>>> print(open('upload-v1.csv').read())   # CSV, C-alpha atoms
chain,number,residue,atom,x,y,z
A,1,MET,CA,-16.9,162.8,165.0
A,2,ARG,CA,-18.2,160.0,167.2
A,3,ALA,CA,-19.9,160.9,170.5
A,4,PHE,CA,-21.5,158.8,173.3
A,5,GLN,CA,-24.7,160.6,173.9
A,6,LEU,CA,-27.7,160.3,176.2
A,7,VAL,CA,-30.6,160.5,173.6
A,8,GLY,CA,-33.5,160.4,176.0
A,9,TRP,CA,-34.5,160.0,179.6
A,10,ARG,CA,-34.5,156.4,180.7
A,11,GLN,CA,-33.0,155.4,177.4
A,12,PRO,CA,-29.6,153.8,176.9
A,13,PRO,CA,-26.9,156.1,175.5
A,14,GLU,CA,-25.9,155.7,171.9
A,15,LEU,CA,-22.7,156.2,169.9
A,16,ARG,CA,-23.6,158.8,167.3
A,17,GLU,CA,-22.0,160.9,164.6
A,18,VAL,CA,-22.0,164.6,165.4
A,19,PRO,CA,-20.2,167.6,163.9
A,20,VAL,CA,-16.8,168.6,165.2
A,21,PRO,CA,-17.3,171.9,167.1
A,22,GLU,CA,-15.4,175.0,166.0
A,23,PRO,CA,-13.9,177.1,168.8
A,24,GLY,CA,-15.2,180.7,168.9
A,25,PRO,CA,-13.5,183.7,170.7
A,26,GLY,CA,-11.9,182.6,174.0
A,27,GLN,CA,-12.7,178.9,173.4
A,28,VAL,CA,-10.5,175.9,173.1
A,29,LEU,CA,-11.0,172.7,171.2
A,30,VAL,CA,-9.5,169.7,173.0
A,31,LYS,CA,-8.7,166.4,171.4
A,32,VAL,CA,-9.9,164.0,174.1
A,33,ALA,CA,-7.4,161.4,175.4
A,34,GLY,CA,-9.5,160.1,178.3
A,35,ALA,CA,-13.0,160.7,179.7
A,36,GLY,CA,-13.8,159.1,183.0
A,37,ALA,CA,-17.0,157.1,183.6
A,38,CYS,CA,-18.6,158.2,186.9
A,39,HIS,CA,-21.4,156.9,189.1
A,40,SER,CA,-23.1,160.3,188.6
A,41,ASP,CA,-23.5,159.4,184.9
A,42,LEU,CA,-25.4,156.3,186.0
A,43,HIS,CA,-27.8,158.5,188.0
A,44,ILE,CA,-28.4,160.7,185.0
A,45,MET,CA,-29.0,157.6,182.8
A,46,GLN,CA,-31.4,156.0,185.2
A,47,ALA,CA,-33.3,159.1,186.3
A,48,PRO,CA,-37.0,158.2,186.4
A,49,GLU,CA,-38.0,161.7,185.0
A,50,PRO,CA,-36.2,164.7,183.5
A,51,LEU,CA,-33.8,166.1,186.1
A,52,HIS,CA,-34.4,169.6,187.4
A,53,GLY,CA,-32.2,172.2,185.7
A,54,PHE,CA,-30.9,169.8,183.0
A,55,THR,CA,-31.3,170.5,179.4
A,56,ALA,CA,-33.2,168.0,177.3
A,57,PRO,CA,-31.2,165.2,175.6
A,58,PRO,CA,-29.4,164.6,173.4
A,59,PHE,CA,-26.1,165.6,175.0
A,60,THR,CA,-22.7,164.0,175.2
A,61,LEU,CA,-21.7,162.4,178.5
A,62,GLY,CA,-18.4,162.7,180.2
A,63,HIS,CA,-17.3,165.3,182.8
A,64,GLU,CA,-13.9,163.8,183.8
A,65,ASN,CA,-11.8,164.9,180.8
A,66,ALA,CA,-8.2,165.3,179.7
A,67,GLY,CA,-6.5,165.5,176.4
A,68,TRP,CA,-4.4,167.7,174.1
A,69,VAL,CA,-5.1,171.2,172.8
A,70,GLU,CA,-6.3,170.9,169.2
A,71,ARG,CA,-7.3,174.4,168.2
A,72,LEU,CA,-7.5,177.8,169.9
A,73,GLY,CA,-10.3,180.2,169.3
A,74,PRO,CA,-9.5,183.9,168.6
A,75,GLY,CA,-7.9,185.7,171.5
A,76,VAL,CA,-6.8,182.6,173.4
A,77,THR,CA,-3.2,182.8,174.8
A,78,GLY,CA,-1.1,180.6,177.2
A,79,PHE,CA,-1.7,177.3,175.4
A,80,GLY,CA,-0.6,175.8,172.1
A,81,PRO,CA,-1.6,172.9,169.9
A,82,GLY,CA,-0.5,169.6,171.4
A,83,ASP,CA,-0.3,170.8,175.0
A,84,ALA,CA,-1.5,168.1,177.4
A,85,VAL,CA,-4.2,169.5,179.6
A,86,ILE,CA,-6.9,168.4,182.1
A,87,VAL,CA,-10.3,170.1,182.0
A,88,TYR,CA,-11.8,171.6,185.2
A,89,GLY,CA,-15.4,170.4,184.9
A,90,SER,CA,-17.5,172.6,187.1
A,91,TRP,CA,-18.3,175.5,184.8
A,92,GLY,CA,-20.0,178.4,186.5
A,93,CYS,CA,-21.3,181.8,185.2
A,94,GLY,CA,-18.1,183.5,186.2
A,95,ILE,CA,-19.9,186.6,187.5
A,96,CYS,CA,-21.8,185.6,190.7
A,97,THR,CA,-20.2,186.1,194.1
A,98,ASN,CA,-19.2,182.4,194.5
A,99,CYS,CA,-17.6,182.3,191.0
A,100,ARG,CA,-15.7,185.5,191.6
A,101,GLN,CA,-14.3,183.9,194.8
A,102,GLY,CA,-13.1,180.9,192.8
A,103,GLN,CA,-15.9,178.6,193.8
A,104,GLU,CA,-17.4,177.9,190.5
A,105,ASN,CA,-18.5,174.5,191.8
A,106,TYR,CA,-21.0,176.5,193.9
A,107,CYS,CA,-22.1,178.9,191.1
A,108,GLN,CA,-25.3,180.7,192.2
A,109,ASN,CA,-26.7,180.8,188.7
A,110,LEU,CA,-25.7,177.6,187.0
A,111,GLY,CA,-25.1,175.3,190.0
A,112,GLY,CA,-21.6,174.4,188.7
A,113,GLN,CA,-23.0,172.1,185.9
A,114,GLY,CA,-20.2,171.5,183.4
A,115,PRO,CA,-19.7,169.3,180.4
A,116,GLY,CA,-21.8,166.1,180.2
A,117,LEU,CA,-24.0,167.0,183.1
A,118,GLY,CA,-27.0,168.4,181.3
A,119,GLY,CA,-26.1,172.0,181.8
A,120,GLY,CA,-26.1,172.8,178.1
A,121,HIS,CA,-22.5,171.6,177.4
A,122,ASP,CA,-21.5,168.4,175.7
A,123,GLY,CA,-19.1,166.3,177.6
A,124,GLY,CA,-15.9,164.5,176.6
A,125,MET,CA,-17.0,161.0,175.6
A,126,ALA,CA,-16.3,162.1,172.1
A,127,GLU,CA,-13.3,162.6,169.9
A,128,TYR,CA,-13.2,166.3,170.7
A,129,LEU,CA,-14.5,168.6,173.5
A,130,LEU,CA,-15.3,172.3,173.2
A,131,VAL,CA,-14.1,174.1,176.3
A,132,PRO,CA,-15.8,177.6,176.7
A,133,ALA,CA,-12.8,179.3,178.3
A,134,ALA,CA,-9.0,178.7,178.5
A,135,ARG,CA,-9.2,179.2,182.3
A,136,TYR,CA,-10.7,175.8,182.7
A,137,LEU,CA,-7.5,174.1,181.3
A,138,ILE,CA,-4.6,173.1,183.6
A,139,PRO,CA,-1.3,171.9,182.1
A,140,LEU,CA,-0.5,168.3,182.8
A,141,GLY,CA,3.2,168.4,182.2
A,142,ALA,CA,4.5,164.9,181.9
A,143,LEU,CA,1.3,163.2,183.2
A,144,ASP,CA,-0.5,161.0,180.7
A,145,PRO,CA,-3.9,162.5,180.0
A,146,ARG,CA,-5.3,159.0,179.5
A,147,GLN,CA,-4.4,158.2,183.1
A,148,ALA,CA,-5.1,161.7,184.6
A,149,ALA,CA,-8.7,162.2,183.4
A,150,PRO,CA,-10.3,161.0,186.7
A,151,LEU,CA,-8.3,163.5,188.7
A,152,SER,CA,-10.7,166.2,187.5
A,153,ASP,CA,-13.6,164.7,189.5
A,154,ALA,CA,-12.6,161.7,191.6
A,155,GLY,CA,-9.4,163.4,192.6
A,156,LEU,CA,-10.8,166.9,193.0
A,157,THR,CA,-13.9,165.8,194.9
A,158,SER,CA,-11.9,163.7,197.3
A,159,TYR,CA,-9.4,166.4,197.9
A,160,HIS,CA,-12.1,169.0,198.6
A,161,ALA,CA,-13.9,166.7,200.9
A,162,VAL,CA,-10.8,166.0,202.9
A,163,LYS,CA,-9.3,169.5,202.9
A,164,ARG,CA,-12.3,171.1,204.6
A,165,SER,CA,-11.7,168.9,207.6
A,166,LEU,CA,-8.0,169.1,207.9
A,167,HIS,CA,-8.1,171.1,211.1
A,168,LEU,CA,-9.6,168.1,212.8
A,169,LEU,CA,-6.9,165.7,211.7
A,170,GLY,CA,-3.3,165.1,212.9
A,171,PRO,CA,-1.5,162.8,215.4
A,172,GLY,CA,-4.0,160.6,217.3
A,173,SER,CA,-6.9,161.3,214.9
A,174,THR,CA,-8.9,158.8,212.9
A,175,ALA,CA,-10.6,159.1,209.5
A,176,VAL,CA,-13.0,156.5,208.2
A,177,VAL,CA,-13.6,156.0,204.5
A,178,ILE,CA,-16.8,154.1,203.8
A,179,GLY,CA,-16.6,152.7,200.3
A,180,ALA,CA,-13.3,151.6,198.9
A,181,GLY,CA,-14.1,151.9,195.1
A,182,GLY,CA,-12.3,154.4,192.8
A,183,LEU,CA,-13.5,157.4,194.8
A,184,GLY,CA,-12.6,155.9,198.1
A,185,GLN,CA,-9.2,154.8,196.9
A,186,MET,CA,-8.4,158.3,195.9
A,187,THR,CA,-9.7,159.7,199.3
A,188,ILE,CA,-7.4,157.3,201.2
A,189,GLN,CA,-4.4,158.5,199.2
A,190,ILE,CA,-5.2,162.1,199.8
A,191,LEU,CA,-5.6,161.6,203.5
A,192,ARG,CA,-2.2,160.0,203.5
A,193,ALA,CA,-0.7,162.9,201.5
A,194,LEU,CA,-2.4,165.7,203.5
A,195,SER,CA,-2.3,164.2,207.0
A,196,ALA,CA,0.2,161.4,207.3
A,197,ALA,CA,-0.3,161.0,211.1
A,198,THR,CA,-4.0,160.2,210.8
A,199,THR,CA,-5.1,156.6,211.2
A,200,VAL,CA,-7.1,155.8,208.0
A,201,VAL,CA,-9.8,153.1,208.2
A,202,ALA,CA,-11.4,151.8,205.0
A,203,VAL,CA,-14.8,150.0,205.1
A,204,ASP,CA,-16.4,148.1,202.3
A,205,THR,CA,-18.4,145.0,201.5
A,206,ASP,CA,-15.9,143.7,198.9
A,207,ALA,CA,-12.7,142.0,200.3
A,208,GLY,CA,-10.9,142.7,197.0
A,209,LYS,CA,-11.4,146.4,197.3
A,210,LEU,CA,-10.3,146.3,200.9
A,211,GLU,CA,-7.0,144.7,199.8
A,212,THR,CA,-6.6,147.6,197.3
A,213,ALA,CA,-7.4,150.1,200.0
A,214,LYS,CA,-4.5,148.7,202.1
A,215,ARG,CA,-2.1,149.0,199.2
A,216,MET,CA,-3.3,152.6,198.8
A,217,GLY,CA,-2.4,153.4,202.4
A,218,ALA,CA,-5.3,152.4,204.7
A,219,ASP,CA,-4.1,151.4,208.1
A,220,GLU,CA,-7.2,149.2,208.7
A,221,ALA,CA,-9.5,147.6,206.2
A,222,LEU,CA,-12.8,146.3,207.6
A,223,LEU,CA,-15.7,144.4,206.1
A,224,SER,CA,-18.9,146.5,206.5
A,225,GLY,CA,-21.1,145.5,209.4
A,226,ASP,CA,-21.5,145.6,213.2
A,227,GLU,CA,-18.1,144.2,213.7
A,228,ALA,CA,-16.6,147.1,211.8
A,229,VAL,CA,-18.5,149.6,214.0
A,230,THR,CA,-17.2,147.8,217.1
A,231,ARG,CA,-13.6,147.8,215.9
A,232,ILE,CA,-13.7,151.6,215.0
A,233,MET,CA,-15.1,152.5,218.4
A,234,ASP,CA,-12.5,150.3,220.2
A,235,MET,CA,-9.7,152.0,218.1
A,236,THR,CA,-10.9,155.4,219.1
A,237,GLY,CA,-11.5,154.8,222.8
A,238,GLN,CA,-15.3,154.7,222.2
A,239,GLN,CA,-15.1,158.3,221.0
A,240,GLY,CA,-15.6,157.8,217.3
A,241,ALA,CA,-13.7,159.2,214.3
A,242,GLN,CA,-12.9,162.8,213.8
A,243,LEU,CA,-13.8,162.5,210.1
A,244,VAL,CA,-16.2,160.0,208.5
A,245,LEU,CA,-16.4,160.2,204.7
A,246,ASP,CA,-19.3,158.2,203.2
A,247,MET,CA,-18.4,157.6,199.5
A,248,VAL,CA,-21.6,155.5,198.9
A,249,GLY,CA,-24.5,157.4,200.4
A,250,ILE,CA,-27.1,154.7,200.9
A,251,ASP,CA,-29.1,154.1,204.0
A,252,PRO,CA,-26.9,151.4,205.6
A,253,THR,CA,-23.7,153.4,205.1
A,254,LEU,CA,-25.2,156.6,206.4
A,255,ARG,CA,-26.4,154.8,209.5
A,256,MET,CA,-22.9,153.4,210.0
A,257,ALA,CA,-21.4,156.8,209.5
A,258,ALA,CA,-23.5,158.3,212.3
A,259,GLN,CA,-22.6,155.4,214.5
A,260,VAL,CA,-18.8,155.9,214.2
A,261,ALA,CA,-18.6,159.7,214.1
A,262,ARG,CA,-17.7,161.6,217.2
A,263,ILE,CA,-18.9,164.7,219.1
A,264,LEU,CA,-17.6,167.8,217.2
A,265,GLY,CA,-16.5,165.7,214.3
A,266,HIS,CA,-17.3,165.8,210.6
A,267,LEU,CA,-19.6,163.5,208.7
A,268,THR,CA,-19.2,164.1,205.0
A,269,ILE,CA,-21.5,162.6,202.4
A,270,VAL,CA,-19.8,162.2,199.1
A,271,GLY,CA,-21.7,159.3,197.5
A,272,LEU,CA,-24.8,159.8,195.5
A,273,GLY,CA,-26.6,156.6,196.7
A,274,GLY,CA,-29.8,158.5,197.5
A,275,GLY,CA,-30.0,157.4,201.1
A,276,ALA,CA,-31.2,159.5,204.1
A,277,LEU,CA,-29.2,160.2,207.2
A,278,PRO,CA,-31.3,159.6,210.4
A,279,VAL,CA,-31.1,162.7,212.5
A,280,ASN,CA,-32.4,163.2,216.1
A,281,PHE,CA,-31.1,164.8,219.3
A,282,SER,CA,-28.5,162.0,219.9
A,283,SER,CA,-27.5,161.0,216.3
A,284,PRO,CA,-25.3,162.1,214.8
A,285,PRO,CA,-23.3,162.9,217.9
A,286,HIS,CA,-23.7,166.4,219.4
A,287,GLU,CA,-22.3,169.2,217.2
A,288,CYS,CA,-21.1,166.7,214.6
A,289,SER,CA,-21.1,168.7,211.3
A,290,VAL,CA,-22.8,167.0,208.4
A,291,ALA,CA,-22.0,168.3,204.9
A,292,SER,CA,-22.4,167.2,201.3
A,293,PRO,CA,-19.5,168.9,199.4
A,294,TYR,CA,-19.7,169.1,195.6
A,295,TRP,CA,-16.6,168.8,193.4
A,296,GLY,CA,-14.0,171.5,194.3
A,297,SER,CA,-12.4,174.7,193.1
A,298,LEU,CA,-10.1,175.2,190.1
A,299,THR,CA,-7.2,176.0,192.4
A,300,GLU,CA,-7.8,172.8,194.3
A,301,LEU,CA,-7.6,170.8,191.1
A,302,MET,CA,-4.2,172.5,190.5
A,303,ASP,CA,-3.2,171.1,193.9
A,304,VAL,CA,-4.4,167.6,192.9
A,305,ILE,CA,-2.4,167.7,189.7
A,306,THR,CA,0.7,168.7,191.7
A,307,LEU,CA,0.2,165.7,194.0
A,308,ALA,CA,-0.1,163.4,191.0
A,309,GLN,CA,3.0,164.9,189.4
A,310,GLN,CA,4.9,164.3,192.7
A,311,GLU,CA,3.6,160.7,192.6
A,312,ARG,CA,1.9,161.1,195.9
A,313,ILE,CA,-1.4,160.0,194.5
A,314,LYS,CA,-2.3,157.7,191.5
A,315,VAL,CA,-5.4,156.5,189.8
A,316,LEU,CA,-6.1,152.8,189.1
A,317,VAL,CA,-7.5,153.0,185.5
A,318,GLU,CA,-9.2,150.6,183.2
A,319,HIS,CA,-9.2,151.8,179.6
A,320,PHE,CA,-12.1,151.3,177.2
A,321,PRO,CA,-12.3,152.5,173.5
A,322,LEU,CA,-15.3,154.7,172.7
A,323,GLN,CA,-17.2,151.9,171.1
A,324,ARG,CA,-17.1,150.0,174.4
A,325,ALA,CA,-18.4,152.8,176.6
A,326,ASP,CA,-21.7,151.1,177.2
A,327,GLU,CA,-19.8,148.0,178.5
A,328,ALA,CA,-17.7,150.2,180.8
A,329,TYR,CA,-20.9,151.7,182.4
A,330,GLN,CA,-22.4,148.2,182.8
A,331,LEU,CA,-19.3,147.0,184.6
A,332,LEU,CA,-19.4,150.2,186.7
A,333,HIS,CA,-23.1,149.5,187.6
A,334,ASP,CA,-22.2,145.9,188.6
A,335,GLY,CA,-19.3,147.0,190.8
A,336,ARG,CA,-16.8,145.3,188.6
A,337,ILE,CA,-14.5,148.3,188.0
A,338,HIS,CA,-11.7,148.2,190.6
A,339,GLY,CA,-10.5,151.7,190.0
A,340,ARG,CA,-11.9,154.2,187.5
A,341,ALA,CA,-13.1,153.4,184.0
A,342,VAL,CA,-11.7,155.8,181.4
A,343,ILE,CA,-13.0,156.0,177.8
A,344,THR,CA,-10.2,156.6,175.2
A,345,PRO,CA,-11.8,158.0,172.0
A,346,HIS,CA,-8.4,157.9,170.1
A,347,ALA,CA,-7.2,154.6,171.4
>>> encode(input="upload-v1.csv", output="structure tokens")
Amino acid sequence: MRAFQLVGWRQPPELREVPVPEPGPGQVLVKVAGAGACHSDLHIMQAPEPLHGFTAPPFTLGHENAGWVERLGPGVTGFGPGDAVIVYGSWGCGICTNCRQGQENYCQNLGGQGPGLGGGHDGGMAEYLLVPAARYLIPLGALDPRQAAPLSDAGLTSYHAVKRSLHLLGPGSTAVVIGAGGLGQMTIQILRALSAATTVVAVDTDAGKLETAKRMGADEALLSGDEAVTRIMDMTGQQGAQLVLDMVGIDPTLRMAAQVARILGHLTIVGLGGGALPVNFSSPPHECSVASPYWGSLTELMDVITLAQQERIKVLVEHFPLQRADEAYQLLHDGRIHGRAVITPHA
């Protein structure tokens, strides 16, 4: 089968021929319908040195995966060939305290590294994906797996980031989403779905993405800069927002996040831009909680799928065949993907 693999650190990925894996006991072979291209993949590709905890290349990229059950390993029940499924991507050890509490994204032994993330498992940018346990599969029902694939990360990460702060939201509250790309668009929709009374403000440097943010449910769409900070503070009576979600994570966006957060609020860093948040006695505001959540739990992904089935959230998707995966990543790098890029090996 064909697979889009990272073959070496600081080397461009290659489309290679590899054997089709055979599912062993408890495992499931999935025919990949869609594999999302994510900014975290770019960080892996561009890492200046081997990443701590990662296995050495080659390995197949792709941690946002959905498709159809192809073959079941011995002992697997609950699924049948042809079932449309999405793959929960944060694969833990299953035995540590966090895993046993359903938080495999915070596995104490493996760090929640799943397929395509250098944790010893090939990802889904291939014609087939070997899933180590049936528990990582969630039925999609009538959802198209080519469209649904980004829900396994972009949807889940956004949902988890919002859900932890829901107690701060409600009538009269404000949530600011910095970065209105694919991840930000999903976050705006989830805020609308989970806390309809919250005023949602989108901030970005791209006017086109801000227009999309408005269509996705943002109440305000502001070009990034000092005027945006002034507007947010005016909207909130100079108090700042209860929740600020930075989907970019570079120095300028983190500075803005600290400027528009409020006392006792939440400042949540989701983007992997590598910036640093300036911290002193006065900034961020007093007792403003700063967190960097990672993915989400399997049960939260089930919630995300339900929201998608109810048509309360949707993903803007651009499809690329497997042979154009490198082009998709270049467009992603250049900021020219307006939603999520999804690789379709069987297109």
>>> residues_around(input="upload-v1.csv", residues="A:Gly249", least_positions_apart="6", cutoff="6 Å", atoms="only C-alpha atoms", output="number ranges by chain")
A: 271-273, 275
>>> write_last_selection(input="upload-v1.csv", atoms="C-alpha atoms", output="PDB file, in the frame of the given file")
ATOM      1  CA  GLY A 271     -21.700 159.300 197.500  1.00  0.00           C
ATOM      2  CA  LEU A 272     -24.800 159.800 195.500  1.00  0.00           C
ATOM      3  CA  GLY A 273     -26.600 156.600 196.700  1.00  0.00           C
ATOM      4  CA  GLY A 275     -30.000 157.400 201.100  1.00  0.00           C
TER       5      GLY A 275
END
>>> residues_around(input="upload-v1.csv", residues="A:Tyr294", least_positions_apart="3", cutoff="12 Å", atoms="only C-alpha atoms", output="PDB file with C-alpha atoms, keeping the file's coordinate frame")
ATOM      1  CA  SER A  40     -23.100 160.300 188.600  1.00  0.00           C
ATOM      2  CA  GLY A  89     -15.400 170.400 184.900  1.00  0.00           C
ATOM      3  CA  SER A  90     -17.500 172.600 187.100  1.00  0.00           C
ATOM      4  CA  GLN A 103     -15.900 178.600 193.800  1.00  0.00           C
ATOM      5  CA  GLU A 104     -17.400 177.900 190.500  1.00  0.00           C
ATOM      6  CA  ASN A 105     -18.500 174.500 191.800  1.00  0.00           C
ATOM      7  CA  TYR A 106     -21.000 176.500 193.900  1.00  0.00           C
ATOM      8  CA  CYS A 107     -22.100 178.900 191.100  1.00  0.00           C
ATOM      9  CA  GLY A 111     -25.100 175.300 190.000  1.00  0.00           C
ATOM     10  CA  GLY A 112     -21.600 174.400 188.700  1.00  0.00           C
ATOM     11  CA  GLN A 113     -23.000 172.100 185.900  1.00  0.00           C
ATOM     12  CA  ASP A 153     -13.600 164.700 189.500  1.00  0.00           C
ATOM     13  CA  ALA A 154     -12.600 161.700 191.600  1.00  0.00           C
ATOM     14  CA  LEU A 156     -10.800 166.900 193.000  1.00  0.00           C
ATOM     15  CA  THR A 157     -13.900 165.800 194.900  1.00  0.00           C
ATOM     16  CA  SER A 158     -11.900 163.700 197.300  1.00  0.00           C
ATOM     17  CA  TYR A 159      -9.400 166.400 197.900  1.00  0.00           C
ATOM     18  CA  HIS A 160     -12.100 169.000 198.600  1.00  0.00           C
ATOM     19  CA  ALA A 161     -13.900 166.700 200.900  1.00  0.00           C
ATOM     20  CA  VAL A 162     -10.800 166.000 202.900  1.00  0.00           C
ATOM     21  CA  ARG A 164     -12.300 171.100 204.600  1.00  0.00           C
ATOM     22  CA  THR A 268     -19.200 164.100 205.000  1.00  0.00           C
ATOM     23  CA  ILE A 269     -21.500 162.600 202.400  1.00  0.00           C
ATOM     24  CA  VAL A 270     -19.800 162.200 199.100  1.00  0.00           C
ATOM     25  CA  GLY A 271     -21.700 159.300 197.500  1.00  0.00           C
ATOM     26  CA  LEU A 272     -24.800 159.800 195.500  1.00  0.00           C
ATOM     27  CA  ALA A 291     -22.000 168.300 204.900  1.00  0.00           C
ATOM     28  CA  SER A 297     -12.400 174.700 193.100  1.00  0.00           C
TER      29      SER A 297
END
>>> closest_residue(input="upload-v1.csv", among="A:Arg312, A:His121, A:His266, A:Lys209", to="A:Leu191", atoms="all atoms listed in the file")
A:Arg312
>>> closest_residue(input="upload-v1.csv", among="A:Cys38, A:Ile178, A:Leu298, A:Val7", to="A:Gly92", atoms="only C-alpha atoms")
A:Leu298
>>> atom_distance(input="upload-v1.csv", atom1="atom CA of A:Cys96", atom2="atom CA of A:Pro293")
19.0 Å
>>> atom_distance(input="upload-v1.csv", atom1="atom CA of A:Thr97", atom2="atom CA of A:Lys163")
21.7 Å
